[in-house]
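Structure below is my_file-v1.txt: compact mmCIF, C-alpha atoms and all ligand atoms.
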```
# COMPACT_ATOMS: atom_id res chain seq x y z
CA MET A 1 166.66 -109.79 112.49
CA VAL A 2 164.68 -107.69 110.01
CA GLU A 3 163.48 -104.36 111.38
CA ALA A 4 159.69 -104.11 111.33
CA THR A 5 158.15 -101.43 109.13
CA GLN A 6 154.98 -99.51 110.02
CA PHE A 7 153.10 -101.76 107.60
CA ASP A 8 154.31 -104.84 109.42
CA VAL A 9 153.44 -103.42 112.80
CA GLU A 10 149.84 -102.99 111.73
CA ARG A 11 149.61 -106.42 110.15
CA LEU A 12 151.18 -108.42 112.90
CA VAL A 13 150.32 -111.77 111.35
CA HIS A 14 150.05 -112.21 107.61
CA ILE A 15 149.34 -115.65 106.22
CA ASP A 16 149.11 -116.28 102.52
CA ASN A 17 148.28 -119.60 100.91
CA LEU A 18 149.13 -121.69 103.96
CA ASN A 19 149.05 -125.44 103.37
CA LYS A 20 149.94 -128.16 105.84
CA THR A 21 149.78 -131.85 105.00
CA PHE A 22 150.66 -134.58 107.47
CA SER A 23 152.07 -137.59 105.68
CA GLN A 24 152.48 -141.08 107.06
CA GLY A 25 153.59 -143.46 104.32
CA ASN A 26 151.00 -143.22 101.56
CA ASN A 27 148.49 -141.57 103.85
CA HIS A 28 148.33 -137.80 103.38
CA ILE A 29 146.16 -135.73 105.69
CA PRO A 30 145.62 -132.15 104.51
CA ALA A 31 145.16 -130.27 107.81
CA LEU A 32 145.23 -126.71 106.36
CA LYS A 33 144.26 -125.80 102.81
CA LYS A 34 145.19 -122.53 101.08
CA LEU A 35 144.54 -120.62 104.26
CA ALA A 36 144.84 -116.83 104.17
CA LEU A 37 144.58 -114.66 107.26
CA THR A 38 145.72 -111.22 108.36
CA VAL A 39 145.63 -110.23 112.02
CA ASP A 40 146.24 -106.62 112.96
CA SER A 41 148.37 -105.54 115.85
CA GLY A 42 146.32 -105.42 119.05
CA GLU A 43 143.49 -107.63 117.76
CA PHE A 44 142.00 -110.39 119.90
CA VAL A 45 140.96 -113.21 117.57
CA ALA A 46 139.11 -116.35 118.62
CA VAL A 47 139.48 -119.45 116.44
CA MET A 48 136.56 -121.89 116.51
CA GLY A 49 135.82 -125.09 114.62
CA ALA A 50 134.98 -128.75 115.06
CA SER A 51 137.59 -131.16 116.39
CA GLY A 52 140.09 -131.95 113.63
CA SER A 53 139.37 -128.77 111.65
CA GLY A 54 143.01 -127.59 111.90
CA LYS A 55 142.91 -125.11 114.80
CA SER A 56 145.91 -126.50 116.71
CA THR A 57 147.86 -127.00 113.48
CA LEU A 58 147.38 -123.32 112.67
CA LEU A 59 148.55 -122.26 116.13
CA HIS A 60 151.56 -124.60 116.05
CA ILE A 61 152.64 -123.16 112.70
CA LEU A 62 152.29 -119.61 114.05
CA ALA A 63 154.39 -120.66 117.05
CA GLY A 64 157.07 -122.06 114.74
CA LEU A 65 156.59 -125.52 116.27
CA LEU A 66 155.46 -127.00 112.94
CA LYS A 67 156.74 -126.30 109.43
CA PRO A 68 154.10 -125.52 106.80
CA ASP A 69 154.25 -127.11 103.34
CA ASN A 70 156.63 -125.54 100.84
CA GLY A 71 155.27 -122.41 99.20
CA SER A 72 153.31 -121.27 102.24
CA LYS A 73 153.94 -117.76 103.47
CA VAL A 74 153.61 -116.97 107.16
CA THR A 75 154.96 -113.66 108.36
CA ILE A 76 154.86 -112.37 111.90
CA PHE A 77 155.98 -108.80 112.48
CA GLY A 78 157.25 -108.69 108.91
CA GLN A 79 159.44 -111.75 109.35
CA ASN A 80 158.82 -114.79 107.14
CA PHE A 81 159.96 -116.73 110.14
CA THR A 82 158.93 -120.29 109.27
CA GLN A 83 161.72 -120.20 106.64
CA LEU A 84 164.36 -119.53 109.30
CA LYS A 85 166.70 -122.13 110.76
CA GLU A 86 165.54 -123.96 113.91
CA LYS A 87 167.75 -121.92 116.24
CA ALA A 88 166.54 -118.61 114.83
CA ILE A 89 162.90 -119.76 115.09
CA THR A 90 163.43 -120.62 118.76
CA ALA A 91 164.98 -117.20 119.41
CA PHE A 92 162.17 -115.48 117.49
CA ARG A 93 159.54 -117.38 119.50
CA LEU A 94 161.19 -116.57 122.80
CA GLU A 95 161.33 -112.86 122.00
CA ASN A 96 157.96 -112.40 120.35
CA ILE A 97 155.47 -115.14 121.21
CA GLY A 98 153.82 -116.35 124.42
CA ILE A 99 152.07 -119.72 124.26
CA ILE A 100 149.31 -120.98 126.56
CA TYR A 101 148.12 -124.60 126.39
CA GLN A 102 144.95 -126.32 127.55
CA ASN A 103 146.82 -128.50 130.03
CA TYR A 104 148.98 -125.65 131.44
CA ASN A 105 152.34 -127.42 130.76
CA LEU A 106 153.91 -126.19 134.00
CA VAL A 107 157.13 -127.69 135.38
CA ARG A 108 155.88 -129.81 138.27
CA SER A 109 158.98 -129.40 140.43
CA LEU A 110 159.02 -125.59 140.22
CA ASN A 111 156.84 -123.24 142.26
CA VAL A 112 154.65 -120.46 140.88
CA LYS A 113 157.37 -117.82 140.80
CA GLU A 114 159.96 -120.20 139.33
CA ASN A 115 157.58 -121.32 136.58
CA ILE A 116 156.85 -117.72 135.63
CA ARG A 117 160.55 -116.83 135.69
CA LEU A 118 161.53 -119.79 133.48
CA PRO A 119 161.57 -118.08 130.04
CA LEU A 120 163.67 -115.22 131.42
CA LEU A 121 166.50 -117.67 132.11
CA LEU A 122 166.74 -118.17 128.34
CA LEU A 123 166.62 -114.47 127.44
CA LYS A 124 169.50 -112.02 127.48
CA ASN A 125 169.12 -108.72 129.32
CA SER A 126 166.11 -109.86 131.28
CA GLN A 127 166.91 -108.11 134.60
CA LYS A 128 164.24 -105.45 134.01
CA ARG A 129 161.58 -108.09 133.42
CA GLU A 130 162.84 -110.05 136.43
CA GLN A 131 161.80 -107.08 138.59
CA LYS A 132 158.27 -107.31 137.21
CA ILE A 133 157.61 -110.89 138.34
CA ASN A 134 156.09 -110.01 141.72
CA ALA A 135 153.81 -107.35 140.22
CA LEU A 136 152.67 -109.82 137.57
CA ILE A 137 151.99 -112.49 140.22
CA GLU A 138 149.90 -109.94 142.09
CA LYS A 139 147.98 -109.02 138.94
CA LEU A 140 147.24 -112.71 138.40
CA GLY A 141 145.87 -112.91 141.95
CA LEU A 142 148.52 -115.45 142.94
CA THR A 143 150.57 -113.59 145.57
CA HIS A 144 149.40 -115.96 148.33
CA ARG A 145 150.47 -118.90 146.10
CA THR A 146 153.92 -117.58 145.10
CA HIS A 147 155.84 -120.53 146.60
CA HIS A 148 153.31 -123.26 145.86
CA LEU A 149 153.91 -126.13 143.43
CA PRO A 150 151.52 -126.76 140.51
CA ARG A 151 149.97 -129.81 142.24
CA GLN A 152 148.95 -127.58 145.14
CA LEU A 153 146.93 -125.30 142.83
CA SER A 154 143.48 -125.47 141.24
CA GLY A 155 143.16 -125.71 137.44
CA GLY A 156 142.31 -122.02 137.18
CA GLU A 157 145.32 -121.06 139.31
CA GLN A 158 147.63 -123.27 137.23
CA GLN A 159 146.38 -121.63 134.05
CA ARG A 160 147.01 -118.20 135.59
CA VAL A 161 150.62 -119.29 136.23
CA ALA A 162 150.86 -120.39 132.58
CA ILE A 163 149.56 -116.96 131.54
CA GLY A 164 152.21 -115.35 133.75
CA ARG A 165 154.90 -117.45 132.09
CA ALA A 166 153.60 -116.35 128.67
CA LEU A 167 153.39 -112.66 129.64
CA ILE A 168 156.65 -112.19 131.54
CA THR A 169 158.68 -111.85 128.33
CA GLU A 170 156.25 -109.13 127.13
CA PRO A 171 155.60 -110.87 123.80
CA LYS A 172 153.87 -109.15 120.91
CA LEU A 173 151.76 -112.19 120.14
CA ILE A 174 149.92 -114.53 122.54
CA LEU A 175 148.81 -117.90 121.16
CA ALA A 176 146.38 -119.84 123.35
CA ASP A 177 145.07 -123.32 122.45
CA GLU A 178 141.80 -123.91 124.32
CA PRO A 179 143.13 -122.21 127.47
CA THR A 180 139.79 -122.60 129.23
CA GLY A 181 139.09 -126.13 127.95
CA ASN A 182 139.81 -127.81 131.30
CA LEU A 183 138.15 -125.18 133.47
CA ASP A 184 134.66 -124.57 134.80
CA ILE A 185 132.73 -121.58 133.47
CA SER A 186 133.74 -119.07 136.15
CA ALA A 187 137.46 -120.01 136.06
CA GLY A 188 137.30 -119.85 132.24
CA VAL A 189 135.76 -116.39 132.28
CA HIS A 190 138.39 -115.26 134.80
CA ILE A 191 141.21 -116.48 132.50
CA CYS A 192 139.64 -114.63 129.59
CA SER A 193 139.28 -111.40 131.56
CA ILE A 194 142.96 -111.59 132.56
CA LEU A 195 143.94 -112.00 128.90
CA LYS A 196 141.72 -109.07 127.92
CA SER A 197 143.02 -106.71 130.57
CA SER A 198 146.66 -107.61 129.87
CA LYS A 199 146.01 -106.95 126.18
CA LYS A 200 144.58 -103.54 127.06
CA GLU A 201 147.60 -102.73 129.19
CA MET A 202 150.40 -104.18 127.04
CA GLY A 203 148.81 -103.93 123.60
CA HIS A 204 149.70 -107.43 122.48
CA THR A 205 147.78 -109.46 119.92
CA ILE A 206 145.92 -112.61 120.99
CA ILE A 207 144.93 -115.61 118.89
CA MET A 208 142.92 -118.03 121.02
CA VAL A 209 141.36 -121.35 120.08
CA THR A 210 138.11 -122.17 121.86
CA HIS A 211 135.00 -124.33 121.43
CA GLU A 212 132.99 -122.18 123.80
CA PRO A 213 130.88 -119.32 122.35
CA HIS A 214 130.81 -117.40 125.66
CA ILE A 215 134.64 -117.43 125.66
CA ALA A 216 134.90 -116.57 121.94
CA PHE A 217 132.51 -113.68 122.54
CA GLN A 218 135.24 -112.00 124.62
CA ALA A 219 137.34 -111.57 121.44
CA ASP A 220 137.11 -108.73 118.89
CA ARG A 221 136.86 -111.09 115.95
CA ILE A 222 135.93 -114.75 115.51
CA ILE A 223 137.16 -116.98 112.70
CA MET A 224 135.77 -120.47 112.16
CA LEU A 225 137.60 -123.34 110.51
CA ALA A 226 136.20 -126.41 108.77
CA GLU A 227 138.43 -129.03 107.18
CA GLY A 228 141.45 -126.75 107.12
CA ARG A 229 139.72 -123.69 105.64
CA ILE A 230 138.33 -120.48 107.08
CA VAL A 231 134.58 -120.69 106.56
CA SER A 232 133.52 -117.69 108.66
CA ASP A 233 135.27 -114.48 109.72
CA VAL A 234 133.08 -112.16 111.79
CA ARG A 235 133.38 -109.22 114.18
CA LYS A 236 132.07 -109.72 117.68
CA ASP A 237 129.99 -106.52 117.29
CA GLN A 238 127.80 -108.30 114.75
CA PHE A 239 126.25 -110.25 117.61
CA GLU A 240 124.03 -109.05 120.41
CA ASP A 241 125.36 -111.65 122.84
CA SER A 242 127.17 -114.99 123.05
CA VAL A 243 123.90 -116.87 122.44
CA GLU A 244 123.62 -115.23 118.99
CA LEU A 245 127.23 -116.14 118.30
CA SER A 246 126.50 -119.71 119.38
CA VAL A 247 123.58 -119.90 116.91
CA HIS A 248 125.88 -118.68 114.10
CA TYR A 249 128.55 -121.21 115.11
CA GLN A 250 126.07 -124.11 115.13
CA LYS A 251 124.87 -123.04 111.68
CA ILE A 252 128.43 -122.96 110.32
CA LEU A 253 129.18 -126.38 111.85
CA GLN A 254 125.98 -127.82 110.40
CA GLU A 255 126.60 -126.38 106.91
CA ASN A 256 130.07 -127.84 106.83
CA VAL A 257 129.01 -131.26 108.09
CA ASN A 258 126.43 -131.27 105.30
CA THR A 259 128.78 -130.16 102.52
CA SER A 260 131.55 -132.57 103.52
CA ARG A 261 128.99 -135.44 103.60
CA GLN A 262 127.89 -134.47 100.11
CA GLY A 263 131.54 -134.44 99.06
CA THR A 264 131.29 -130.93 97.67
CA VAL A 265 134.12 -129.41 99.72
CA GLN A 266 137.04 -128.81 97.36
P1 LIG B 1 141.93 -129.30 115.91
O1 LIG B 1 142.92 -128.63 116.78
O2 LIG B 1 141.03 -128.36 115.18
O3 LIG B 1 141.14 -130.34 116.65
P2 LIG B 1 144.26 -130.37 114.54
O4 LIG B 1 144.91 -129.16 114.02
O5 LIG B 1 144.85 -130.98 115.77
O6 LIG B 1 142.71 -130.09 114.76
O7 LIG B 1 144.24 -131.49 113.43
C1 LIG B 1 143.82 -131.25 112.09
C2 LIG B 1 143.93 -132.53 111.27
O8 LIG B 1 145.29 -132.91 111.15
C3 LIG B 1 143.23 -133.73 111.92
O9 LIG B 1 142.70 -134.52 110.88
C4 LIG B 1 144.34 -134.45 112.63
O10 LIG B 1 144.07 -135.81 112.76
C5 LIG B 1 145.53 -134.20 111.71
N1 LIG B 1 146.81 -134.16 112.46
C6 LIG B 1 147.15 -133.27 113.40
N2 LIG B 1 148.41 -133.51 113.85
C7 LIG B 1 148.86 -134.59 113.17
C8 LIG B 1 150.08 -135.32 113.16
N3 LIG B 1 151.10 -135.00 113.94
N4 LIG B 1 150.17 -136.38 112.31
C9 LIG B 1 149.15 -136.72 111.50
N5 LIG B 1 147.98 -136.07 111.45
C10 LIG B 1 147.82 -135.01 112.26
MG MG B 2 143.28 -128.81 118.88
```
How would this structure read if it were set down as structure tokens?
Ligand code: ADP
Ligand code: MG
Amino acid sequence: MVEATQFDVERLVHIDNLNKTFSQGNNHIPALKKLALTVDSGEFVAVMGASGSGKSTLLHILAGLLKPDNGSKVTIFGQNFTQLKEKAITAFRLENIGIIYQNYNLVRSLNVKENIRLPLLLLKNSQKREQKINALIEKLGLTHRTHHLPRQLSGGEQQRVAIGRALITEPKLILADEPTGNLDISAGVHICSILKSSKKEMGHTIIMVTHEPHIAFQADRIIMLAEGRIVSDVRKDQFEDSVELSVHYQKILQENVNTSRQGTVQ
């Protein structure tokens, strides 16, 4: 694997001219169009946008679960990793990326501790991390649930297990696709505060998709997608509170509904 340079460390994610088209027969759906994005190491970026705007596609490409169109350049930690062979992508993902889904994706037959330990079984030299499982479970507020199965847990608790499974490998990049989408407001805020404090402690970078302005407001930076393009890229500090961010988001959504209806989006 290529050694990361200082330049790469600062620009953890660098996307240049990213295109992704889904083709079924003669039907071609352009999900991402000439997308460019740089995310610095340690940034917490929220990704917003209407349903179908390409948010999950972007995350799946960053996770190496989807291949972009030819000519796209996606580097993470200096590695143009989407060009690698499948096996190398899997190894890269395991070492560097933690993924959190809306529906938790836990293994139903494994308890809390076993679910969190799962990725370590696939990693070499993971004994040191193995010793950190109990401390992580405590940090997630799940010590009293250590031996419980997913079906015995609330949605918020299941998502905390999923966060534990993402964090146990100490990845540089956390990708979360609407992690609070199935949760009530207080559980959602709790999930977000866990992500924020783990970022502070471990220094990883977070890219999180969300529809909810009060969740996006927890990030340092908010990008908004419409029809596969970035149409807004703002710092959280530009807004007094999440209500102001919500007003901006509604405006961006409205503008892009209008332009696409007029057929002026290129
Ligand atoms: P979002 O997460 O913002 O709701 P997606 O990234 O899931 O949007 O989808 C973006 C566009 O790509 C949508 O038009 C969607 O229908 C299309 N799309 C996503 N996945 C596939 C797929 N596997 N096959 C065909 N079209 C897809
Ligand atoms: Mg989605």
Quick one: residues within 10 Å of ligand LIG 1 (chain B), with only C-alpha atoms and all ligand atoms, as number ranges by chain? A: 20-24, 27-32, 47-61, 66, 177-178, 209-211, 224-228
Gly155 of chain A: which residues within 9 Å, counting only C-alpha atoms, same-chain residues fewer than 3 positions away excluded, as a compact mmCIF listing (two decimals) with C-alpha atoms, in the coordinates of the input?
```txt
# COMPACT_ATOMS: atom_id res chain seq x y z
CA ASN A 103 146.82 -128.50 130.03
CA TYR A 104 148.98 -125.65 131.44
CA PRO A 150 151.52 -126.76 140.51
CA GLN A 158 147.63 -123.27 137.23
CA GLN A 159 146.38 -121.63 134.05
CA ARG A 160 147.01 -118.20 135.59
CA ASN A 182 139.81 -127.81 131.30
CA LEU A 183 138.15 -125.18 133.47
CA ASP A 184 134.66 -124.57 134.80
CA ALA A 187 137.46 -120.01 136.06
```
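Excluding Met202 of chain A itself and any same-chain residue fewer than 2 positions from it, the protein and nucleic acid residues within 12 Å of it, counting all atoms listed in the file, are Ser41, Gly42, Leu167, Ile168, Thr169, Glu170, Pro171, Lys172, Leu173, Ile174, Ile194, Leu195, Lys196, Ser197, Ser198, Lys199, Lys200, His204, Thr205 and Ile206 of chain A.
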Take the point (167.4, -118.7, 125.6) in the file's coordinates, draw a sphere of radius 10 Å around it, and report as a ChimeraX atom specification every protein, DNA or RNA residue with an atom inside or on it, counting all atoms listed in the file. /A:87,90-91,94-95,118-124
Which one is closest to ligand MG 2 (chain B): A:Ser242, A:His214, A:Gln102, A:Ala162? Count only C-alpha atoms and all ligand atoms.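 The answer is A:Gln102, which sits nearest to ligand MG 2 (chain B).
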Can you tell me, as lines of an AutoDock Vina configuration file, the centre and edge lengths (Å, one decimal) of the axis-aligned box enclosing all of segment 145-156 of chain A's listed atoms after padding each side by 3 Å?
```
center_x = 149.1
center_y = -123.7
center_z = 141.9
size_x = 19.5
size_y = 18.2
size_z = 15.4
```
Kindly give the distance, in Å, that separates atom CA of Ile137 of chain A and atom CA of Met208 of chain A, rounded to a single decimal. 21.9 Å
What is the distance between atom CA of Val107 of chain A and atom CA of Arg165 of chain A, in Å to one decimal?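 Atom CA of Arg165 of chain A lies at a distance of 11.0 Å from atom CA of Val107 of chain A.
Among the candidate residues A:Gln250, A:Asp40, A:Val231, A:Pro179, the one lying nearest to ligand MG 2 (chain B) is A:Pro179, with distances computed using only C-alpha atoms and all ligand atoms.
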